[in-house]
Amino acid sequence: MVGLDEATVTKRPYELEGGLVRLRAGRCPECGAVFCPARLVCDGCGHRGLDEILLAPRGTIYTFTQVHQSTPEFATPYDLVYVDFDEQVRVMLPCAGEETPRIGESVEIVLGRGPRLVEGEPEEGPQAVMVVKAGTERSDGNG
Amino acid sequence: MDEVFVIGAGMTPFGKHPDTTAAELGASAMLEALDDAGVALKDIEAAWVGSVFQGMAMGQRALGEGGLSGIPITNVENACSSGSTAIWDAALAIRAGAVDVALALGVEHLTGRFRGAFTPDESDVEAQRGLTMPSVYAMRAQRHFAQYGTNSEQLAAIAAKNKRNAVANPLAQFKKAVTVEEVLASRLIAAPLHLQECAPVSDGAAAVVLVSKRKRAELGASRAVRLAASVLKSGRAEVGLKDMTVEDLTWRAAEAAYEQSGLAPSDVRFAEVHDCFSIAEALRVEGLGLFPHGEYPGRVVKGEADLDGRLPVNGSGGLLGKGHPLGATGVAQVVEVVRQLRGEAGARQIPGARVGLAHCRGGKAQGVEGTACTVNILTV
């Protein structure tokens with residue numbers, strides 16, 4: 001068994017730092033490739049074991065959609081975005097807020113389960129995080 | 001390596017078959033392919049069977065229903081490319097000289113199995129955050145819009161073209177042409193994609209019989225079609241910030257297929273490509289090098305991909321018009337190419353077609369560009 005003791009990153013995908021939510025990710029010490037969530041092995045060069053890093057609390061919308069039909073576990077409609085981070089990694093996240101997301105807009109990571117209708121603590125699992133447009137006033141973690 | 005020929009093709013009607021089992025559909029397609037090839041059950045030396053959501057041992061169930069057992073049967077799951085991966089496997093065995101006659105079957109029965117949209121596996125990080133298959137392509141469409149000025153009317157024209165082609169295909173799920181306006185008036189699934197721009201839930205099966213050059217000569221199979229290239233690739237890990245309108249996976253499969261066949265994109269007379277969504281057809285065709293990057297949707301509006309156009313795309317109706325029983329799709333594409341090359345495509349026949357390409361690309365998993373992609377090039 002190789003590296004499975006390190007495979008806990010998806011359990012809680014973020015760290016809180018001074019009120020900012022930062023996604024946990026892995027950077028390859030060999031080639032510098034960044035993965036979010038981290039992986040056991042670097043897919044860029046095959047190096048085993050990535051250094052844990054925290055992504056910037058903000059990123060830029062690369063693309064977006066509004067989902068009108070999903071599976072029964074999700075409340076529609078909801079917005080999804082791919083967010084590009086300065087660390088050269090792209091992450092897909094739900095986007096909260098009334099306005100349609102736009103390419104190039106700045107967003108910040110917040111806690112909240114997004115559109116998923118789930119039981120239990122929202123801070124557990126990949127669905128614990130989402131984004132809002134940067135500077136948005138936020139009433140709660142569920143958007 | 002030995003040359004490979006397709007000598008038989010069979011396919012059930014695609015659509016809703018609530019009273020028929022997957023095994024019955026599979027057996028029906030297999031028996032039609034055998035009859036078409038003029039070979040008997042006992043002639044089949046090995047079989048590969050593609051399906052996605054059919055549970056354990058779909059191949060043994062389908063072939064058993066059709067009276068074939070005892071031979072090596074391999075079940076293949078490779079998302080939407082499961083059936084075309086079965087063809088790749090069968091061709092590989094013939095090329096290696098391991099067998100002379102092989103069956104590739106694709107089968108899927110989805111009616112009643114799904115509520116809502118298809119998603120990646122439930123363990124997938126993006127699926128847990130709400131990603132569906134339509135939303136992946138919707139987000140790629142937004143980039144195509146932003147980078148190339150593509151618009152919804154152009155994408156709707158792709159769907160309208162394929163549904164129009166399907167009317168001429170008696171095996172297609174959809175029997176009625178729709179206008180661009182009707183496509184745009186259908187409900188949104190994931191903006192900017194509408195219902196009529198998404199492949200339907202379908203049941204169906206398709207099969208081909210593949211043989212070696214020696215066996216083809218022995219059988220005197222005069223209607224044989226040469227499998228000039230069969231390539232399978234998987235998506236590379238996503239490292240860095242890639243352009244989501246570029247299909248590296250499709251291009252790598254295509255490049256290898258062009259090399260294997262000694263043909264160029266300009267030699268391809270027509271193509272069946274994996275149009276699971278309207279935008280997907282554009283991404284595939286551009287990725288295959290058949291149209292300039294970013295230009296395909298506009299060229300569809302001009303009629304260049306019509307049955308009588310410069311390069312007909314999805315003359316069968318494609319996934320949007322013919323239907324998309326996942327595991328069967330990749331085989332059905334090859335069945336269509338075979339029938340076109342034999343001049344047996346009826347009202348949708350492309351005159352004088354000698355080189356056809358089938359592209360199948362399926363699935364989604366977080367962190368890779370795509371899961372599996374096949375390109376098969378067939379010639380007469």
# chains A, B, ... in the order shown; residues from 1 in each chain; ligands from 1

call {"tool": "residues_around", "arguments": {"residues": "range 190-199 of chain B", "least_positions_apart": "5", "cutoff": "7 Å", "atoms": "only C-alpha atoms", "output": "list of chain:residue names"}}
result
A:Thr65, A:Gln66, A:Val67, A:His68, A:Gln69, B:Pro134, B:Ser135, B:Ala138, B:Ser152, B:Ala156, B:Ala159, B:Val183, B:Leu184, B:Cys276, B:Phe277, B:Ser278, B:Leu319, B:Leu320, B:Gly323, B:His324

call {"tool": "write_last_selection", "arguments": {"atoms": "N, CA, C and O atoms", "output": "PDB file, in the first residue's frame"}}
result
ATOM      1  N   THR A  65     -21.778  27.929 -16.425  1.00  0.00           N
ATOM      2  CA  THR A  65     -23.074  27.505 -16.963  1.00  0.00           C
ATOM      3  C   THR A  65     -24.117  27.631 -15.870  1.00  0.00           C
ATOM      4  O   THR A  65     -23.777  27.708 -14.686  1.00  0.00           O
ATOM      5  N   GLN A  66     -25.378  27.651 -16.270  1.00  0.00           N
ATOM      6  CA  GLN A  66     -26.456  27.487 -15.306  1.00  0.00           C
ATOM      7  C   GLN A  66     -27.112  26.143 -15.590  1.00  0.00           C
ATOM      8  O   GLN A  66     -27.564  25.894 -16.711  1.00  0.00           O
ATOM      9  N   VAL A  67     -27.139  25.282 -14.579  1.00  0.00           N
ATOM     10  CA  VAL A  67     -27.677  23.936 -14.722  1.00  0.00           C
ATOM     11  C   VAL A  67     -29.169  23.947 -14.424  1.00  0.00           C
ATOM     12  O   VAL A  67     -29.584  24.387 -13.353  1.00  0.00           O
ATOM     13  N   HIS A  68     -29.962  23.462 -15.379  1.00  0.00           N
ATOM     14  CA  HIS A  68     -31.417  23.433 -15.198  1.00  0.00           C
ATOM     15  C   HIS A  68     -31.936  22.021 -14.977  1.00  0.00           C
ATOM     16  O   HIS A  68     -33.034  21.833 -14.489  1.00  0.00           O
ATOM     17  N   GLN A  69     -31.163  21.032 -15.407  1.00  0.00           N
ATOM     18  CA  GLN A  69     -31.551  19.644 -15.126  1.00  0.00           C
ATOM     19  C   GLN A  69     -30.359  18.918 -14.545  1.00  0.00           C
ATOM     20  O   GLN A  69     -29.280  18.916 -15.135  1.00  0.00           O
TER      21      GLN A  69
ATOM     22  N   PRO B 134     -24.116  17.273 -19.347  1.00  0.00           N
ATOM     23  CA  PRO B 134     -24.466  18.459 -20.147  1.00  0.00           C
ATOM     24  C   PRO B 134     -23.736  19.724 -19.684  1.00  0.00           C
ATOM     25  O   PRO B 134     -23.354  20.555 -20.505  1.00  0.00           O
ATOM     26  N   SER B 135     -23.518  19.865 -18.372  1.00  0.00           N
ATOM     27  CA  SER B 135     -22.878  21.096 -17.886  1.00  0.00           C
ATOM     28  C   SER B 135     -21.416  21.187 -18.303  1.00  0.00           C
ATOM     29  O   SER B 135     -20.888  22.278 -18.527  1.00  0.00           O
ATOM     30  N   ALA B 138     -21.717  22.448 -21.757  1.00  0.00           N
ATOM     31  CA  ALA B 138     -22.229  23.817 -21.721  1.00  0.00           C
ATOM     32  C   ALA B 138     -21.093  24.790 -21.424  1.00  0.00           C
ATOM     33  O   ALA B 138     -20.988  25.856 -22.048  1.00  0.00           O
ATOM     34  N   SER B 152     -25.729  30.583 -30.208  1.00  0.00           N
ATOM     35  CA  SER B 152     -26.706  29.501 -29.970  1.00  0.00           C
ATOM     36  C   SER B 152     -27.389  29.052 -31.247  1.00  0.00           C
ATOM     37  O   SER B 152     -27.703  27.868 -31.413  1.00  0.00           O
ATOM     38  N   ALA B 156     -27.599  25.287 -32.583  1.00  0.00           N
ATOM     39  CA  ALA B 156     -28.912  24.696 -32.865  1.00  0.00           C
ATOM     40  C   ALA B 156     -28.950  24.136 -34.288  1.00  0.00           C
ATOM     41  O   ALA B 156     -29.626  23.135 -34.554  1.00  0.00           O
ATOM     42  N   ALA B 159     -27.769  20.580 -34.288  1.00  0.00           N
ATOM     43  CA  ALA B 159     -28.819  19.647 -33.843  1.00  0.00           C
ATOM     44  C   ALA B 159     -29.870  19.465 -34.932  1.00  0.00           C
ATOM     45  O   ALA B 159     -30.308  18.330 -35.204  1.00  0.00           O
ATOM     46  N   VAL B 183     -35.390  24.010 -31.875  1.00  0.00           N
ATOM     47  CA  VAL B 183     -34.293  23.619 -30.969  1.00  0.00           C
ATOM     48  C   VAL B 183     -34.140  24.671 -29.869  1.00  0.00           C
ATOM     49  O   VAL B 183     -34.069  24.348 -28.678  1.00  0.00           O
ATOM     50  N   LEU B 184     -34.140  25.934 -30.278  1.00  0.00           N
ATOM     51  CA  LEU B 184     -33.921  27.021 -29.311  1.00  0.00           C
ATOM     52  C   LEU B 184     -35.121  27.214 -28.387  1.00  0.00           C
ATOM     53  O   LEU B 184     -34.981  27.764 -27.296  1.00  0.00           O
ATOM     54  N   CYS B 276     -22.611  13.929 -28.606  1.00  0.00           N
ATOM     55  CA  CYS B 276     -23.485  13.757 -27.433  1.00  0.00           C
ATOM     56  C   CYS B 276     -24.229  15.061 -27.136  1.00  0.00           C
ATOM     57  O   CYS B 276     -25.321  15.048 -26.557  1.00  0.00           O
ATOM     58  N   PHE B 277     -23.638  16.183 -27.540  1.00  0.00           N
ATOM     59  CA  PHE B 277     -24.274  17.498 -27.461  1.00  0.00           C
ATOM     60  C   PHE B 277     -23.920  18.251 -28.745  1.00  0.00           C
ATOM     61  O   PHE B 277     -22.942  17.928 -29.390  1.00  0.00           O
ATOM     62  N   SER B 278     -24.709  19.285 -29.064  1.00  0.00           N
ATOM     63  CA  SER B 278     -24.445  20.031 -30.298  1.00  0.00           C
ATOM     64  C   SER B 278     -23.005  20.544 -30.327  1.00  0.00           C
ATOM     65  O   SER B 278     -22.287  20.370 -31.323  1.00  0.00           O
ATOM     66  N   LEU B 319     -25.631  10.917 -32.664  1.00  0.00           N
ATOM     67  CA  LEU B 319     -26.214  10.573 -31.366  1.00  0.00           C
ATOM     68  C   LEU B 319     -27.481  11.392 -31.124  1.00  0.00           C
ATOM     69  O   LEU B 319     -28.434  10.927 -30.503  1.00  0.00           O
ATOM     70  N   LEU B 320     -27.475  12.640 -31.639  1.00  0.00           N
ATOM     71  CA  LEU B 320     -28.613  13.539 -31.410  1.00  0.00           C
ATOM     72  C   LEU B 320     -29.874  13.073 -32.131  1.00  0.00           C
ATOM     73  O   LEU B 320     -30.974  13.271 -31.642  1.00  0.00           O
ATOM     74  N   GLY B 323     -29.909   8.445 -31.746  1.00  0.00           N
ATOM     75  CA  GLY B 323     -30.021   7.950 -30.380  1.00  0.00           C
ATOM     76  C   GLY B 323     -28.656   7.576 -29.836  1.00  0.00           C
ATOM     77  O   GLY B 323     -27.676   7.478 -30.594  1.00  0.00           O
ATOM     78  N   HIS B 324     -28.584   7.372 -28.517  1.00  0.00           N
ATOM     79  CA  HIS B 324     -27.285   7.150 -27.882  1.00  0.00           C
ATOM     80  C   HIS B 324     -27.375   6.090 -26.782  1.00  0.00           C
ATOM     81  O   HIS B 324     -27.318   6.404 -25.593  1.00  0.00           O
TER      82      HIS B 324
END

call {"tool": "closest_atom_pairs", "arguments": {"of": "chain B", "to": "chain A", "cutoff": "7 Å", "atoms": "only C-alpha atoms", "output": "Markdown table"}}
result
| residue | atom | partner | partner_atom | distance |
| --- | --- | --- | --- | --- |
| B:Arg115 | CA | A:Thr71 | CA | 6.5 |
| B:Gly116 | CA | A:Thr71 | CA | 4.9 |
| B:Ala117 | CA | A:Ser70 | CA | 5.0 |
| B:Val125 | CA | A:Pro126 | CA | 5.9 |
| B:Glu126 | CA | A:Met92 | CA | 6.5 |
| B:Gln128 | CA | A:Gln127 | CA | 6.1 |
| B:Arg129 | CA | A:Gln127 | CA | 5.1 |
| B:Gly130 | CA | A:Phe74 | CA | 6.9 |
| B:Thr132 | CA | A:Ser70 | CA | 6.5 |
| B:Ser135 | CA | A:Val67 | CA | 6.4 |
| B:Ala138 | CA | A:Thr65 | CA | 6.1 |
| B:Met139 | CA | A:Phe64 | CA | 5.2 |
| B:Gln142 | CA | A:Thr63 | CA | 6.4 |
| B:Arg143 | CA | A:Thr63 | CA | 6.3 |
| B:Leu188 | CA | A:His68 | CA | 6.2 |
| B:Ile189 | CA | A:His68 | CA | 4.9 |
| B:Ala190 | CA | A:Val67 | CA | 4.3 |
| B:Ala191 | CA | A:Gln66 | CA | 5.3 |
| B:Ala237 | CA | A:Asp43 | CA | 5.8 |
| B:Val239 | CA | A:Ala33 | CA | 6.2 |
| B:Gly240 | CA | A:Gln88 | CA | 5.1 |
| B:Leu241 | CA | A:Gln88 | CA | 6.0 |

call {"tool": "write_last_selection", "arguments": {"atoms": "N, CA, C and O atoms", "output": "PDB file, in the first residue's frame"}}
result
ATOM      1  N   ARG B 115     -32.859   8.906 -13.779  1.00  0.00           N
ATOM      2  CA  ARG B 115     -33.647  10.108 -13.532  1.00  0.00           C
ATOM      3  C   ARG B 115     -32.695  11.277 -13.720  1.00  0.00           C
ATOM      4  O   ARG B 115     -31.636  11.327 -13.114  1.00  0.00           O
ATOM      5  N   GLY B 116     -33.080  12.230 -14.540  1.00  0.00           N
ATOM      6  CA  GLY B 116     -32.265  13.423 -14.701  1.00  0.00           C
ATOM      7  C   GLY B 116     -31.056  13.198 -15.576  1.00  0.00           C
ATOM      8  O   GLY B 116     -31.026  12.284 -16.409  1.00  0.00           O
ATOM      9  N   ALA B 117     -30.056  14.046 -15.378  1.00  0.00           N
ATOM     10  CA  ALA B 117     -28.903  14.073 -16.270  1.00  0.00           C
ATOM     11  C   ALA B 117     -27.885  12.999 -15.906  1.00  0.00           C
ATOM     12  O   ALA B 117     -27.790  12.581 -14.754  1.00  0.00           O
ATOM     13  N   VAL B 125     -15.165  14.110  -7.556  1.00  0.00           N
ATOM     14  CA  VAL B 125     -15.229  15.369  -6.811  1.00  0.00           C
ATOM     15  C   VAL B 125     -16.159  16.365  -7.509  1.00  0.00           C
ATOM     16  O   VAL B 125     -16.982  17.028  -6.874  1.00  0.00           O
ATOM     17  N   GLU B 126     -16.025  16.480  -8.821  1.00  0.00           N
ATOM     18  CA  GLU B 126     -16.845  17.454  -9.553  1.00  0.00           C
ATOM     19  C   GLU B 126     -18.319  17.040  -9.560  1.00  0.00           C
ATOM     20  O   GLU B 126     -19.204  17.898  -9.457  1.00  0.00           O
ATOM     21  N   GLN B 128     -19.810  15.502  -7.192  1.00  0.00           N
ATOM     22  CA  GLN B 128     -20.338  15.819  -5.860  1.00  0.00           C
ATOM     23  C   GLN B 128     -20.635  17.311  -5.716  1.00  0.00           C
ATOM     24  O   GLN B 128     -21.422  17.707  -4.871  1.00  0.00           O
ATOM     25  N   ARG B 129     -19.985  18.119  -6.554  1.00  0.00           N
ATOM     26  CA  ARG B 129     -20.246  19.562  -6.517  1.00  0.00           C
ATOM     27  C   ARG B 129     -21.331  19.978  -7.505  1.00  0.00           C
ATOM     28  O   ARG B 129     -21.603  21.164  -7.657  1.00  0.00           O
ATOM     29  N   GLY B 130     -21.893  19.028  -8.240  1.00  0.00           N
ATOM     30  CA  GLY B 130     -23.027  19.361  -9.100  1.00  0.00           C
ATOM     31  C   GLY B 130     -22.753  19.265 -10.589  1.00  0.00           C
ATOM     32  O   GLY B 130     -23.604  19.624 -11.401  1.00  0.00           O
ATOM     33  N   THR B 132     -22.723  17.830 -14.161  1.00  0.00           N
ATOM     34  CA  THR B 132     -23.418  16.830 -14.968  1.00  0.00           C
ATOM     35  C   THR B 132     -22.729  16.792 -16.328  1.00  0.00           C
ATOM     36  O   THR B 132     -21.978  17.714 -16.673  1.00  0.00           O
ATOM     37  N   SER B 135     -23.518  19.865 -18.372  1.00  0.00           N
ATOM     38  CA  SER B 135     -22.878  21.096 -17.886  1.00  0.00           C
ATOM     39  C   SER B 135     -21.416  21.187 -18.303  1.00  0.00           C
ATOM     40  O   SER B 135     -20.888  22.278 -18.527  1.00  0.00           O
ATOM     41  N   ALA B 138     -21.717  22.448 -21.757  1.00  0.00           N
ATOM     42  CA  ALA B 138     -22.229  23.817 -21.721  1.00  0.00           C
ATOM     43  C   ALA B 138     -21.093  24.790 -21.424  1.00  0.00           C
ATOM     44  O   ALA B 138     -20.988  25.856 -22.048  1.00  0.00           O
ATOM     45  N   MET B 139     -20.231  24.423 -20.492  1.00  0.00           N
ATOM     46  CA  MET B 139     -19.118  25.320 -20.142  1.00  0.00           C
ATOM     47  C   MET B 139     -18.092  25.403 -21.263  1.00  0.00           C
ATOM     48  O   MET B 139     -17.495  26.452 -21.502  1.00  0.00           O
ATOM     49  N   GLN B 142     -19.579  27.802 -23.782  1.00  0.00           N
ATOM     50  CA  GLN B 142     -19.399  29.223 -23.415  1.00  0.00           C
ATOM     51  C   GLN B 142     -18.019  29.712 -23.835  1.00  0.00           C
ATOM     52  O   GLN B 142     -17.851  30.870 -24.248  1.00  0.00           O
ATOM     53  N   ARG B 143     -17.017  28.850 -23.723  1.00  0.00           N
ATOM     54  CA  ARG B 143     -15.669  29.250 -24.167  1.00  0.00           C
ATOM     55  C   ARG B 143     -15.626  29.383 -25.698  1.00  0.00           C
ATOM     56  O   ARG B 143     -14.976  30.281 -26.227  1.00  0.00           O
ATOM     57  N   LEU B 188     -34.065  24.697 -21.490  1.00  0.00           N
ATOM     58  CA  LEU B 188     -32.636  24.684 -21.199  1.00  0.00           C
ATOM     59  C   LEU B 188     -32.302  23.507 -20.288  1.00  0.00           C
ATOM     60  O   LEU B 188     -33.001  23.243 -19.311  1.00  0.00           O
ATOM     61  N   ILE B 189     -31.221  22.810 -20.624  1.00  0.00           N
ATOM     62  CA  ILE B 189     -30.717  21.729 -19.759  1.00  0.00           C
ATOM     63  C   ILE B 189     -29.535  22.255 -18.955  1.00  0.00           C
ATOM     64  O   ILE B 189     -29.464  22.093 -17.738  1.00  0.00           O
ATOM     65  N   ALA B 190     -28.567  22.845 -19.636  1.00  0.00           N
ATOM     66  CA  ALA B 190     -27.455  23.570 -19.005  1.00  0.00           C
ATOM     67  C   ALA B 190     -27.101  24.667 -20.001  1.00  0.00           C
ATOM     68  O   ALA B 190     -26.689  24.374 -21.117  1.00  0.00           O
ATOM     69  N   ALA B 191     -27.293  25.911 -19.584  1.00  0.00           N
ATOM     70  CA  ALA B 191     -27.138  27.037 -20.511  1.00  0.00           C
ATOM     71  C   ALA B 191     -25.719  27.060 -21.091  1.00  0.00           C
ATOM     72  O   ALA B 191     -24.761  26.932 -20.338  1.00  0.00           O
ATOM     73  N   ALA B 237      -3.808  13.646 -18.085  1.00  0.00           N
ATOM     74  CA  ALA B 237      -4.049  14.430 -16.877  1.00  0.00           C
ATOM     75  C   ALA B 237      -3.981  15.908 -17.209  1.00  0.00           C
ATOM     76  O   ALA B 237      -3.177  16.336 -18.033  1.00  0.00           O
ATOM     77  N   VAL B 239      -2.825  19.276 -16.531  1.00  0.00           N
ATOM     78  CA  VAL B 239      -1.790  19.992 -15.799  1.00  0.00           C
ATOM     79  C   VAL B 239      -1.759  21.408 -16.353  1.00  0.00           C
ATOM     80  O   VAL B 239      -1.606  21.601 -17.558  1.00  0.00           O
ATOM     81  N   GLY B 240      -1.949  22.393 -15.488  1.00  0.00           N
ATOM     82  CA  GLY B 240      -1.952  23.775 -15.957  1.00  0.00           C
ATOM     83  C   GLY B 240      -3.316  24.169 -16.496  1.00  0.00           C
ATOM     84  O   GLY B 240      -4.300  23.441 -16.353  1.00  0.00           O
ATOM     85  N   LEU B 241      -3.371  25.325 -17.119  1.00  0.00           N
ATOM     86  CA  LEU B 241      -4.641  25.909 -17.551  1.00  0.00           C
ATOM     87  C   LEU B 241      -4.794  25.749 -19.064  1.00  0.00           C
ATOM     88  O   LEU B 241      -4.261  26.511 -19.846  1.00  0.00           O
TER      89      LEU B 241
END

call {"tool": "closest_residue", "arguments": {"among": "B:Gln366, B:Thr150, B:Thr12, B:Gly235", "to": "Ala282 in chain B", "atoms": "only C-alpha atoms"}}
result
B:Thr150

call {"tool": "select_by_dssp", "arguments": {"residues": "range 31-235 of chain B", "states": "helix (DSSP H, G or I)", "output": "PyMOL selection string"}}
result
chain B and resi 31-37+41-43+58-65+82-95+125-128+133-148+152-167+180-185+195-197+213-219

call {"tool": "select_by_dssp", "arguments": {"residues": "range 111-339 of chain B", "states": "strand (DSSP E or B)", "output": "JSON, numbers by chain"}}
result
{"B": [188, 189, 190, 193, 194, 198, 203, 204, 205, 206, 207, 208, 209, 210, 211, 212, 225, 226, 227, 228, 229, 230, 231, 232, 233, 234, 237, 270, 271, 272, 277, 313]}

call {"tool": "write_last_selection", "arguments": {"atoms": "N, CA and C atoms", "output": "CSV table (one decimal), in the first residue's frame"}}
result
chain,number,residue,atom,x,y,z
B,188,LEU,N,-34.1,24.7,-21.5
B,188,LEU,CA,-32.6,24.7,-21.2
B,188,LEU,C,-32.3,23.5,-20.3
B,189,ILE,N,-31.2,22.8,-20.6
B,189,ILE,CA,-30.7,21.7,-19.8
B,189,ILE,C,-29.5,22.3,-19.0
B,190,ALA,N,-28.6,22.8,-19.6
B,190,ALA,CA,-27.5,23.6,-19.0
B,190,ALA,C,-27.1,24.7,-20.0
B,193,LEU,N,-27.1,25.1,-23.6
B,193,LEU,CA,-27.6,23.9,-24.3
B,193,LEU,C,-29.1,23.6,-23.9
B,194,HIS,N,-29.9,23.4,-25.0
B,194,HIS,CA,-31.3,23.1,-24.8
B,194,HIS,C,-31.5,21.6,-25.0
B,198,CYS,N,-29.1,17.8,-26.7
B,198,CYS,CA,-28.6,16.8,-25.9
B,198,CYS,C,-29.0,15.4,-26.4
B,203,ASP,N,-32.2,2.8,-26.0
B,203,ASP,CA,-31.8,1.4,-25.9
B,203,ASP,C,-31.4,0.9,-27.3
B,204,GLY,N,-30.5,0.0,-27.4
B,204,GLY,CA,-30.1,-0.5,-28.7
B,204,GLY,C,-28.9,-1.3,-28.6
B,205,ALA,N,-28.6,-2.0,-29.8
B,205,ALA,CA,-27.3,-2.8,-29.9
B,205,ALA,C,-26.9,-2.7,-31.3
B,206,ALA,N,-25.6,-2.9,-31.5
B,206,ALA,CA,-24.9,-2.9,-32.8
B,206,ALA,C,-23.8,-3.9,-32.8
B,207,ALA,N,-23.5,-4.5,-33.9
B,207,ALA,CA,-22.5,-5.6,-34.0
B,207,ALA,C,-21.7,-5.6,-35.3
B,208,VAL,N,-20.5,-5.9,-35.3
B,208,VAL,CA,-19.7,-6.1,-36.5
B,208,VAL,C,-18.9,-7.4,-36.4
B,209,VAL,N,-18.7,-8.1,-37.5
B,209,VAL,CA,-17.8,-9.2,-37.6
B,209,VAL,C,-16.6,-8.8,-38.3
B,210,LEU,N,-15.4,-9.0,-37.7
B,210,LEU,CA,-14.1,-8.7,-38.2
B,210,LEU,C,-13.3,-9.9,-38.5
B,211,VAL,N,-12.6,-9.8,-39.6
B,211,VAL,CA,-11.8,-11.0,-40.0
B,211,VAL,C,-10.4,-10.6,-40.5
B,212,SER,N,-9.5,-11.5,-40.5
B,212,SER,CA,-8.2,-11.3,-41.1
B,212,SER,C,-8.2,-11.3,-42.6
B,225,VAL,N,-15.2,-4.4,-46.0
B,225,VAL,CA,-14.7,-3.1,-45.9
B,225,VAL,C,-13.4,-3.1,-45.0
B,226,ARG,N,-12.4,-2.4,-45.5
B,226,ARG,CA,-11.1,-2.5,-44.7
B,226,ARG,C,-11.1,-1.6,-43.5
B,227,LEU,N,-10.7,-2.1,-42.4
B,227,LEU,CA,-10.5,-1.3,-41.2
B,227,LEU,C,-9.0,-0.7,-41.3
B,228,ALA,N,-8.9,0.4,-41.9
B,228,ALA,CA,-7.6,0.9,-42.2
B,228,ALA,C,-6.8,1.5,-41.0
B,229,ALA,N,-7.6,1.8,-40.0
B,229,ALA,CA,-7.0,2.3,-38.7
B,229,ALA,C,-8.0,2.1,-37.6
B,230,SER,N,-7.5,1.6,-36.5
B,230,SER,CA,-8.3,1.5,-35.3
B,230,SER,C,-7.4,2.0,-34.1
B,231,VAL,N,-7.8,3.1,-33.5
B,231,VAL,CA,-6.9,3.7,-32.4
B,231,VAL,C,-7.8,3.9,-31.2
B,232,LEU,N,-7.2,3.6,-30.0
B,232,LEU,CA,-7.8,4.0,-28.7
B,232,LEU,C,-6.8,4.8,-27.9
B,233,LYS,N,-7.2,5.9,-27.4
B,233,LYS,CA,-6.4,6.7,-26.5
B,233,LYS,C,-7.2,7.1,-25.3
B,234,SER,N,-6.5,7.4,-24.2
B,234,SER,CA,-7.2,7.9,-23.0
B,234,SER,C,-6.8,9.4,-22.8
B,237,ALA,N,-3.8,13.6,-18.1
B,237,ALA,CA,-4.0,14.4,-16.9
B,237,ALA,C,-4.0,15.9,-17.2
B,270,PHE,N,-16.4,11.4,-45.4
B,270,PHE,CA,-17.5,11.7,-44.4
B,270,PHE,C,-17.1,11.2,-43.1
B,271,ALA,N,-17.8,11.7,-42.0
B,271,ALA,CA,-17.5,11.3,-40.7
B,271,ALA,C,-18.7,11.1,-39.8
B,272,GLU,N,-18.6,10.1,-39.0
B,272,GLU,CA,-19.6,9.9,-37.9
B,272,GLU,C,-18.8,10.3,-36.6
B,277,PHE,N,-23.6,16.2,-27.5
B,277,PHE,CA,-24.3,17.5,-27.5
B,277,PHE,C,-23.9,18.3,-28.7
B,313,VAL,N,-21.2,15.2,-42.0
B,313,VAL,CA,-20.9,14.8,-40.6
B,313,VAL,C,-22.2,14.3,-40.0

call {"tool": "decode", "arguments": {"residues": "range 294-313 of chain B", "atoms": "C-alpha atoms", "output": "compact mmCIF listing (two decimals), in the first residue's frame"}}
result
# COMPACT_ATOMS: atom_id res chain seq x y z
CA GLY B 294 -13.35 27.62 -34.20
CA GLU B 295 -15.11 27.65 -37.58
CA TYR B 296 -17.26 24.53 -37.63
CA PRO B 297 -20.56 25.91 -36.26
CA GLY B 298 -20.58 28.71 -38.83
CA ARG B 299 -19.82 26.26 -41.62
CA VAL B 300 -22.70 24.01 -40.59
CA VAL B 301 -25.03 26.96 -41.11
CA LYS B 302 -23.62 27.22 -44.66
CA GLY B 303 -24.42 23.54 -45.29
CA GLU B 304 -20.84 22.27 -45.54
CA ALA B 305 -21.56 19.30 -43.21
CA ASP B 306 -24.88 18.35 -44.84
CA LEU B 307 -25.28 15.01 -46.63
CA ASP B 308 -24.67 16.83 -49.91
CA GLY B 309 -22.04 19.15 -48.45
CA ARG B 310 -18.25 19.21 -48.66
CA LEU B 311 -17.82 16.81 -45.74
CA PRO B 312 -21.02 15.21 -44.41
CA VAL B 313 -20.94 14.80 -40.62
